[in-house]
file run11.cif (mmCIF, C-alpha atoms)
data_run
loop_
_atom_site.label_atom_id
_atom_site.label_comp_id
_atom_site.auth_asym_id
_atom_site.auth_seq_id
_atom_site.Cartn_x
_atom_site.Cartn_y
_atom_site.Cartn_z
CA GLY K 1 221.19 79.76 -20.87
CA GLY K 2 221.82 82.77 -18.62
CA MET K 3 222.86 85.04 -21.51
CA GLN K 4 221.50 88.57 -21.53
CA ARG K 5 219.12 89.25 -24.41
CA SER K 6 217.44 92.37 -25.75
CA PHE K 7 214.41 92.43 -28.00
CA ARG K 8 212.90 95.05 -30.26
CA PHE K 9 209.29 94.85 -31.40
CA PHE K 10 207.78 96.67 -34.36
CA PHE K 11 203.99 96.94 -34.25
CA ARG K 12 202.20 97.86 -37.45
CA GLY K 13 198.46 98.06 -37.92
CA THR K 14 196.04 99.79 -40.27
CA GLY K 15 193.01 97.60 -39.65
CA TYR K 16 193.05 95.30 -42.68
CA ASP K 17 190.39 92.62 -42.66
CA GLU K 18 191.85 89.11 -43.06
CA LYS K 19 189.25 88.02 -45.64
CA MET K 20 190.03 91.11 -47.70
CA VAL K 21 193.79 90.46 -47.56
CA ARG K 22 193.30 86.87 -48.68
CA GLU K 23 191.13 87.98 -51.57
CA LEU K 24 193.45 90.78 -52.71
CA GLU K 25 196.60 88.68 -52.43
CA GLY K 26 195.17 85.56 -54.10
CA LEU K 27 195.39 83.37 -50.98
CA GLU K 28 193.10 80.50 -50.06
CA ALA K 29 190.17 81.32 -47.74
CA SER K 30 190.58 81.51 -43.96
CA GLY K 31 189.94 77.78 -43.48
CA SER K 32 193.17 77.07 -45.37
CA THR K 33 195.99 74.89 -43.99
CA TYR K 34 198.18 77.96 -44.58
CA VAL K 35 196.83 79.87 -41.64
CA CYS K 36 198.80 83.12 -41.88
CA THR K 37 198.66 86.01 -44.35
CA LEU K 38 202.13 87.15 -43.26
CA CYS K 39 204.18 83.93 -43.43
CA ASP K 40 204.10 80.38 -44.83
CA SER K 41 203.21 78.58 -41.59
CA THR K 42 200.69 75.78 -41.66
CA ARG K 43 198.24 75.24 -38.81
CA ALA K 44 200.32 72.33 -37.49
CA GLU K 45 203.54 74.37 -37.55
CA ALA K 46 201.88 77.37 -35.93
CA SER K 47 200.45 75.27 -33.11
CA LYS K 48 203.92 73.94 -32.24
CA ASN K 49 205.72 77.26 -32.64
CA MET K 50 203.93 80.28 -31.20
CA VAL K 51 206.97 82.58 -31.13
CA LEU K 52 209.55 82.33 -33.90
CA HIS K 53 207.71 83.83 -36.85
CA SER K 54 208.70 86.63 -39.19
CA ILE K 55 206.95 88.37 -42.09
CA THR K 56 208.00 86.44 -45.19
CA ARG K 57 205.10 86.77 -47.66
CA SER K 58 205.21 89.52 -50.27
CA HIS K 59 203.02 90.61 -53.17
CA CYS K 60 205.74 89.86 -55.75
CA GLU K 61 206.30 86.36 -54.38
CA ASN K 62 202.55 85.70 -54.37
CA LEU K 63 202.46 86.67 -58.08
CA GLU K 64 205.34 84.28 -58.82
CA ARG K 65 203.65 81.49 -56.90
CA TYR K 66 200.40 82.07 -58.79
CA GLU K 67 202.25 81.60 -62.11
CA ILE K 68 203.69 78.31 -60.81
CA TRP K 69 200.20 77.29 -59.67
CA ARG K 70 198.73 78.19 -63.08
CA LYS K 71 201.42 76.66 -65.32
CA ASN K 72 202.81 73.83 -63.14
CA PRO K 73 206.16 74.03 -65.01
CA PHE K 74 207.73 71.17 -63.03
CA SER K 75 204.79 68.76 -63.58
CA LYS K 76 204.14 68.31 -59.87
CA SER K 77 201.20 66.41 -58.43
CA ALA K 78 198.32 68.47 -57.01
CA ASP K 79 199.53 68.04 -53.40
CA GLU K 80 203.17 68.82 -54.28
CA LEU K 81 202.10 71.88 -56.26
CA ARG K 82 199.96 73.18 -53.40
CA ASP K 83 202.83 72.70 -50.99
CA ARG K 84 205.12 74.65 -53.32
CA VAL K 85 202.82 77.70 -53.67
CA LYS K 86 201.94 77.82 -49.93
CA GLY K 87 198.25 78.59 -50.22
CA VAL K 88 198.25 80.90 -53.27
CA SER K 89 195.34 79.84 -55.49
CA ALA K 90 194.29 82.96 -57.43
CA LYS K 91 195.99 85.91 -59.07
CA PRO K 92 196.92 88.65 -56.57
CA PHE K 93 195.57 91.90 -57.93
CA MET K 94 196.41 94.47 -55.25
CA GLU K 95 199.32 94.78 -52.84
CA THR K 96 198.60 94.93 -49.11
CA HIS K 97 201.19 95.95 -46.53
CA PRO K 98 201.81 93.44 -43.73
CA THR K 99 199.75 94.36 -40.68
CA LEU K 100 197.80 93.01 -37.77
CA ASP K 101 194.26 92.94 -39.13
CA ALA K 102 191.31 94.66 -37.48
CA LEU K 103 189.70 91.42 -36.30
CA HIS K 104 192.79 90.37 -34.35
CA CYS K 105 193.16 93.87 -32.88
CA ASP K 106 189.63 93.44 -31.50
CA ILE K 107 190.37 89.94 -30.21
CA GLY K 108 193.61 91.06 -28.52
CA ASN K 109 191.94 94.04 -26.84
CA ALA K 110 188.93 92.02 -25.70
CA THR K 111 191.19 89.32 -24.22
CA GLU K 112 192.95 91.91 -22.05
CA PHE K 113 189.71 93.60 -21.01
CA TYR K 114 188.09 90.27 -20.14
CA ARG K 115 190.95 89.77 -17.63
CA ILE K 116 190.44 93.28 -16.25
CA PHE K 117 186.68 92.68 -15.87
CA ARG K 118 187.30 89.35 -14.13
CA ASP K 119 189.89 90.81 -11.75
CA GLU K 120 187.76 93.85 -10.90
CA MET K 121 184.85 91.61 -9.96
CA GLY K 122 187.18 89.66 -7.67
CA ARG K 123 188.77 92.84 -6.26
CA VAL K 124 192.21 91.58 -7.20
CA PHE K 125 193.75 94.93 -6.20
CA LEU K 126 193.23 93.89 -2.56
CA LYS K 127 194.93 90.51 -2.98
CA SER K 128 198.65 90.01 -3.55
CA ASN K 129 198.45 86.58 -5.16
CA PRO K 130 194.95 85.13 -5.73
CA SER K 131 194.78 81.38 -6.24
CA ARG K 132 193.82 79.70 -9.49
CA GLU K 133 190.61 78.53 -7.85
CA GLU K 134 189.65 82.11 -6.94
CA ARG K 135 190.27 83.31 -10.48
CA ARG K 136 188.19 80.40 -11.81
CA ARG K 137 185.28 81.45 -9.57
CA TRP K 138 185.53 85.05 -10.77
CA ARG K 139 185.56 83.92 -14.38
CA SER K 140 182.51 81.72 -13.80
CA ALA K 141 180.63 84.66 -12.25
CA LEU K 142 181.59 86.93 -15.16
CA ASP K 143 180.49 84.36 -17.75
CA LYS K 144 177.18 83.89 -15.92
CA GLN K 145 176.54 87.65 -15.87
CA LEU K 146 177.38 88.07 -19.58
CA ARG K 147 175.11 85.17 -20.47
CA LYS K 148 172.28 86.60 -18.36
CA LYS K 149 172.53 90.23 -19.53
CA LEU K 150 173.82 89.89 -23.10
CA LYS K 151 172.97 86.25 -23.92
CA LEU K 152 176.70 85.87 -24.57
CA LYS K 153 177.78 82.23 -24.23
CA PRO K 154 181.20 81.53 -22.65
CA VAL K 155 184.02 80.63 -25.04
CA MET K 156 187.19 78.63 -24.45
CA ARG K 157 189.19 80.87 -26.78
CA MET K 158 188.37 84.49 -27.64
CA ASN K 159 186.79 84.92 -31.07
CA GLY K 160 185.70 87.91 -33.14
CA ASN K 161 181.97 87.77 -32.38
CA PHE K 162 182.52 87.44 -28.62
CA ALA K 163 185.13 90.23 -28.72
CA ARG K 164 182.81 92.66 -30.51
CA ARG K 165 179.95 92.02 -28.07
CA LEU K 166 182.22 92.24 -25.03
CA MET K 167 183.64 95.62 -26.00
CA THR K 168 180.32 97.50 -25.84
CA ARG K 169 178.80 99.89 -23.31
CA GLU K 170 176.06 97.36 -22.60
CA ALA K 171 178.65 94.75 -21.59
CA VAL K 172 180.60 97.19 -19.40
CA GLU K 173 177.43 98.24 -17.57
CA ALA K 174 176.63 94.55 -16.95
CA VAL K 175 180.13 93.98 -15.56
CA CYS K 176 179.94 97.07 -13.34
CA GLU K 177 176.89 95.60 -11.60
CA LEU K 178 179.24 93.00 -10.10
CA VAL K 179 182.10 95.37 -9.20
CA PRO K 180 181.68 95.99 -5.44
CA SER K 181 183.52 99.33 -5.17
CA GLU K 182 181.87 102.48 -6.57
CA GLU K 183 185.29 104.08 -7.02
CA ARG K 184 186.48 101.11 -9.12
CA ARG K 185 183.25 101.16 -11.13
CA GLU K 186 183.81 104.80 -12.02
CA ALA K 187 187.43 104.10 -13.01
CA LEU K 188 186.37 101.17 -15.19
CA LEU K 189 183.66 103.23 -16.92
CA LYS K 190 186.18 106.03 -17.52
CA LEU K 191 188.69 103.55 -18.99
CA MET K 192 186.09 102.11 -21.35
CA ASP K 193 184.81 105.56 -22.33
CA LEU K 194 188.35 106.49 -23.43
CA TYR K 195 188.56 103.23 -25.38
CA PHE K 196 185.27 103.96 -27.18
CA GLN K 197 186.51 107.44 -28.08
CA MET K 198 189.79 106.10 -29.51
CA LYS K 199 188.45 103.07 -31.35
CA PRO K 200 186.98 104.89 -34.41
CA VAL K 201 190.41 106.41 -35.12
CA TRP K 202 192.34 103.16 -35.35
CA ARG K 203 189.48 101.33 -37.08
CA SER K 204 189.20 103.95 -39.83
CA SER K 205 191.26 104.00 -43.03
CA PHE K 206 190.79 107.80 -43.23
CA PRO K 207 190.36 109.11 -39.66
CA ALA K 208 190.91 112.75 -40.67
CA ARG K 209 187.84 112.47 -42.89
CA ASP K 210 185.72 109.99 -40.94
CA CYS K 211 186.22 111.08 -37.31
CA PRO K 212 188.18 114.38 -37.14
CA ASP K 213 187.02 115.23 -33.59
CA GLN K 214 188.19 111.91 -32.15
CA LEU K 215 191.44 112.24 -34.09
CA CYS K 216 192.15 115.64 -32.49
CA ARG K 217 191.64 114.17 -29.03
CA TYR K 218 193.41 110.90 -29.75
CA SER K 219 196.83 111.80 -28.35
CA TYR K 220 195.36 113.19 -25.12
CA ASN K 221 192.95 110.25 -24.76
CA SER K 222 195.68 107.68 -25.31
CA GLN K 223 197.85 109.28 -22.60
CA GLN K 224 194.90 109.30 -20.19
CA PHE K 225 194.17 105.68 -21.09
CA ALA K 226 197.78 104.63 -20.44
CA ASP K 227 197.93 106.55 -17.14
CA LEU K 228 194.71 104.93 -15.92
CA LEU K 229 195.91 101.45 -16.87
CA SER K 230 199.31 101.89 -15.23
CA THR K 231 198.01 103.41 -11.99
CA THR K 232 194.48 102.24 -11.19
CA PHE K 233 194.61 98.90 -13.00
#

call {"tool": "encode", "arguments": {"input": "run11.cif", "output": "structure tokens"}}
result
Amino acid sequence: GGMQRSFRFFFRGTGYDEKMVRELEGLEASGSTYVCTLCDSTRAEASKNMVLHSITRSHCENLERYEIWRKNPFSKSADELRDRVKGVSAKPFMETHPTLDALHCDIGNATEFYRIFRDEMGRVFLKSNPSREERRRWRSALDKQLRKKLKLKPVMRMNGNFARRLMTREAVEAVCELVPSEERREALLKLMDLYFQMKPVWRSSFPARDCPDQLCRYSYNSQQFADLLSTTF
């Protein structure tokens, strides 16, 4: 209502896999009505409210809910009991710290890069405000190229399999075939090369052991990556 607001965001991520978190914390599988491993939202609630969520689940609470699920001390019906325990159906046996899991990191990155690929094909840097119709044409051309070169079918909403295939050197080379400017092609290849160098570090649980060389270059690469994004793209 015209009031000034300030926001602070805390991003945490160590690359947990969602299936692993559900197994360790005793939650129902990923098809569950309780869609989130961080809060108690159901699918219906999450679809209506995309913003106002906070991390409310904890290992201790999951243990307490499991005991309620196991003993049913209040003699609830099956549906009432399930609603009370919010998707806990097995004994949690290892604590996980709340994070954005690796799958959704991949999906988020691929979503942004899909937009970059689309805009580079349409040479958006030359246009101040391209129309929706223009963007739709660029997207159609990109989807057609990905289907032709990678046999990658278009998707309405980014998923893990599409994201993993999109973020490969093969996909970038296919996209570059449709980027008219050689200078922009080189910049795009450089951006993706930096991404491929950084990815093993944030996907690894023990980067110092698994990819020490990439870890040493990570700070420099991330600065280069940010500079390239903020200037060229």

call {"tool": "resolve_selection", "arguments": {"input": "run11.cif", "expression": "the PyMOL selection byres ((chain K and resi 26) around 8)", "output": "PDB file with C-alpha atoms, in the frame of the given file"}}
result
ATOM      1  CA  ARG K  22     193.300  86.870 -48.680  1.00  0.00           C
ATOM      2  CA  GLU K  23     191.130  87.980 -51.570  1.00  0.00           C
ATOM      3  CA  LEU K  24     193.450  90.780 -52.710  1.00  0.00           C
ATOM      4  CA  GLU K  25     196.600  88.680 -52.430  1.00  0.00           C
ATOM      5  CA  LEU K  27     195.390  83.370 -50.980  1.00  0.00           C
ATOM      6  CA  GLU K  28     193.100  80.500 -50.060  1.00  0.00           C
ATOM      7  CA  ASN K  62     202.550  85.700 -54.370  1.00  0.00           C
ATOM      8  CA  TYR K  66     200.400  82.070 -58.790  1.00  0.00           C
ATOM      9  CA  VAL K  88     198.250  80.900 -53.270  1.00  0.00           C
ATOM     10  CA  SER K  89     195.340  79.840 -55.490  1.00  0.00           C
ATOM     11  CA  ALA K  90     194.290  82.960 -57.430  1.00  0.00           C
ATOM     12  CA  LYS K  91     195.990  85.910 -59.070  1.00  0.00           C
ATOM     13  CA  PRO K  92     196.920  88.650 -56.570  1.00  0.00           C
ATOM     14  CA  PHE K  93     195.570  91.900 -57.930  1.00  0.00           C
TER      15      PHE K  93
END

call {"tool": "resolve_selection", "arguments": {"input": "run11.cif", "expression": "the PyMOL selection byres ((chain K and resi 185-199) around 10)", "output": "short mmCIF file (atom, residue, chain, number, x, y, z; two decimals) with C-alpha atoms, in the coordinates of the input"}}
result
data_model
loop_
_atom_site.label_atom_id
_atom_site.label_comp_id
_atom_site.auth_asym_id
_atom_site.auth_seq_id
_atom_site.Cartn_x
_atom_site.Cartn_y
_atom_site.Cartn_z
CA ASP K 106 189.63 93.44 -31.50
CA ASN K 109 191.94 94.04 -26.84
CA PHE K 113 189.71 93.60 -21.01
CA ILE K 116 190.44 93.28 -16.25
CA PHE K 117 186.68 92.68 -15.87
CA GLU K 120 187.76 93.85 -10.90
CA MET K 121 184.85 91.61 -9.96
CA MET K 167 183.64 95.62 -26.00
CA THR K 168 180.32 97.50 -25.84
CA ARG K 169 178.80 99.89 -23.31
CA VAL K 172 180.60 97.19 -19.40
CA GLU K 173 177.43 98.24 -17.57
CA VAL K 175 180.13 93.98 -15.56
CA CYS K 176 179.94 97.07 -13.34
CA GLU K 177 176.89 95.60 -11.60
CA LEU K 178 179.24 93.00 -10.10
CA VAL K 179 182.10 95.37 -9.20
CA PRO K 180 181.68 95.99 -5.44
CA SER K 181 183.52 99.33 -5.17
CA GLU K 182 181.87 102.48 -6.57
CA GLU K 183 185.29 104.08 -7.02
CA ARG K 184 186.48 101.11 -9.12
CA PRO K 200 186.98 104.89 -34.41
CA VAL K 201 190.41 106.41 -35.12
CA TRP K 202 192.34 103.16 -35.35
CA ARG K 203 189.48 101.33 -37.08
CA SER K 204 189.20 103.95 -39.83
CA CYS K 211 186.22 111.08 -37.31
CA ASP K 213 187.02 115.23 -33.59
CA GLN K 214 188.19 111.91 -32.15
CA LEU K 215 191.44 112.24 -34.09
CA ARG K 217 191.64 114.17 -29.03
CA TYR K 218 193.41 110.90 -29.75
CA SER K 219 196.83 111.80 -28.35
CA TYR K 220 195.36 113.19 -25.12
CA ASN K 221 192.95 110.25 -24.76
CA SER K 222 195.68 107.68 -25.31
CA GLN K 223 197.85 109.28 -22.60
CA GLN K 224 194.90 109.30 -20.19
CA PHE K 225 194.17 105.68 -21.09
CA ALA K 226 197.78 104.63 -20.44
CA ASP K 227 197.93 106.55 -17.14
CA LEU K 228 194.71 104.93 -15.92
CA LEU K 229 195.91 101.45 -16.87
CA THR K 232 194.48 102.24 -11.19
CA PHE K 233 194.61 98.90 -13.00
#

call {"tool": "closest_residue", "arguments": {"input": "run11.cif", "among": "K:Asp83, K:Glu95, K:Asp210, K:Glu67", "to": "Thr33 of chain K", "atoms": "all atoms listed in the file"}}
result
K:Asp83

call {"tool": "resolve_selection", "arguments": {"input": "run11.cif", "expression": "the PyMOL selection byres ((chain K and resi 142-157) around 10)", "output": "number ranges by chain"}}
result
K: 107, 111, 114, 117-119, 121-122, 136-141, 158-159, 161-162, 165-166, 170-175, 177-178

call {"tool": "atom_distance", "arguments": {"input": "run11.cif", "atom1": "atom CA of Phe206 of chain K", "atom2": "atom CA of Arg164 of chain K"}}
result
21.3 Å

call {"tool": "closest_residue", "arguments": {"input": "run11.cif", "among": "K:Glu45, K:Asp17, K:Thr96, K:Arg82", "to": "Cys60 of chain K", "atoms": "all atoms listed in the file"}}
result
K:Thr96

call {"tool": "closest_residue", "arguments": {"input": "run11.cif", "among": "K:Ser41, K:Ser58, K:Ser30, K:Ser230", "to": "Lys86 of chain K", "atoms": "all atoms listed in the file"}}
result
K:Ser41

call {"tool": "decode", "arguments": {"input": "run11.cif", "residues": "segment 100-126 of chain K", "atoms": "N, CA and C atoms", "output": "tab-separated table (two decimals), in the first residue's frame"}}
result
chain	number	residue	atom	x	y	z
K	100	LEU	N	18.23	-26.10	-0.36
K	100	LEU	CA	17.71	-26.29	-1.70
K	100	LEU	C	18.43	-27.50	-2.26
K	101	ASP	N	17.69	-28.53	-2.69
K	101	ASP	CA	18.37	-29.75	-3.11
K	101	ASP	C	18.99	-29.60	-4.50
K	102	ALA	N	19.86	-30.55	-4.83
K	102	ALA	CA	20.65	-30.45	-6.06
K	102	ALA	C	19.78	-30.43	-7.31
K	103	LEU	N	18.71	-31.20	-7.30
K	103	LEU	CA	17.81	-31.25	-8.46
K	103	LEU	C	17.24	-29.87	-8.75
K	104	HIS	N	16.78	-29.18	-7.70
K	104	HIS	CA	16.16	-27.87	-7.93
K	104	HIS	C	17.19	-26.78	-8.23
K	105	CYS	N	18.43	-26.96	-7.78
K	105	CYS	CA	19.51	-26.08	-8.25
K	105	CYS	C	19.64	-26.20	-9.76
K	106	ASP	N	19.68	-27.46	-10.25
K	106	ASP	CA	19.82	-27.70	-11.69
K	106	ASP	C	18.65	-27.10	-12.47
K	107	ILE	N	17.43	-27.29	-11.95
K	107	ILE	CA	16.24	-26.79	-12.63
K	107	ILE	C	16.25	-25.26	-12.67
K	108	GLY	N	16.61	-24.63	-11.55
K	108	GLY	CA	16.68	-23.16	-11.50
K	108	GLY	C	17.70	-22.60	-12.47
K	109	ASN	N	18.89	-23.22	-12.50
K	109	ASN	CA	19.94	-22.75	-13.42
K	109	ASN	C	19.52	-22.94	-14.87
K	110	ALA	N	18.97	-24.11	-15.18
K	110	ALA	CA	18.58	-24.40	-16.56
K	110	ALA	C	17.47	-23.45	-17.03
K	111	THR	N	16.55	-23.09	-16.13
K	111	THR	CA	15.48	-22.16	-16.49
K	111	THR	C	16.05	-20.82	-16.92
K	112	GLU	N	17.03	-20.32	-16.16
K	112	GLU	CA	17.66	-19.04	-16.50
K	112	GLU	C	18.43	-19.14	-17.81
K	113	PHE	N	19.17	-20.24	-17.99
K	113	PHE	CA	19.98	-20.37	-19.20
K	113	PHE	C	19.11	-20.60	-20.43
K	114	TYR	N	17.97	-21.24	-20.27
K	114	TYR	CA	17.05	-21.40	-21.40
K	114	TYR	C	16.63	-20.01	-21.91
K	115	ARG	N	16.35	-19.09	-20.97
K	115	ARG	CA	15.98	-17.72	-21.36
K	115	ARG	C	17.13	-17.02	-22.08
K	116	ILE	N	18.35	-17.23	-21.56
K	116	ILE	CA	19.52	-16.61	-22.20
K	116	ILE	C	19.68	-17.17	-23.61
K	117	PHE	N	19.57	-18.49	-23.77
K	117	PHE	CA	19.70	-19.10	-25.10
K	117	PHE	C	18.65	-18.53	-26.06
K	118	ARG	N	17.40	-18.47	-25.58
K	118	ARG	CA	16.31	-17.95	-26.41
K	118	ARG	C	16.59	-16.51	-26.84
K	119	ASP	N	17.00	-15.68	-25.88
K	119	ASP	CA	17.22	-14.26	-26.17
K	119	ASP	C	18.43	-14.03	-27.08
K	120	GLU	N	19.46	-14.87	-26.93
K	120	GLU	CA	20.63	-14.73	-27.80
K	120	GLU	C	20.29	-15.09	-29.24
K	121	MET	N	19.47	-16.12	-29.42
K	121	MET	CA	19.03	-16.48	-30.76
K	121	MET	C	18.25	-15.34	-31.41
K	122	GLY	N	17.46	-14.64	-30.60
K	122	GLY	CA	16.65	-13.53	-31.12
K	122	GLY	C	17.37	-12.20	-31.12
K	123	ARG	N	18.65	-12.19	-30.70
K	123	ARG	CA	19.45	-10.96	-30.62
K	123	ARG	C	18.73	-9.89	-29.82
K	124	VAL	N	18.30	-10.27	-28.62
K	124	VAL	CA	17.51	-9.36	-27.79
K	124	VAL	C	18.31	-8.12	-27.39
K	125	PHE	N	19.64	-8.23	-27.39
K	125	PHE	CA	20.47	-7.08	-27.00
K	125	PHE	C	20.35	-5.91	-27.98
K	126	LEU	N	19.78	-6.17	-29.16
K	126	LEU	CA	19.57	-5.09	-30.13
K	126	LEU	C	18.18	-4.48	-30.03
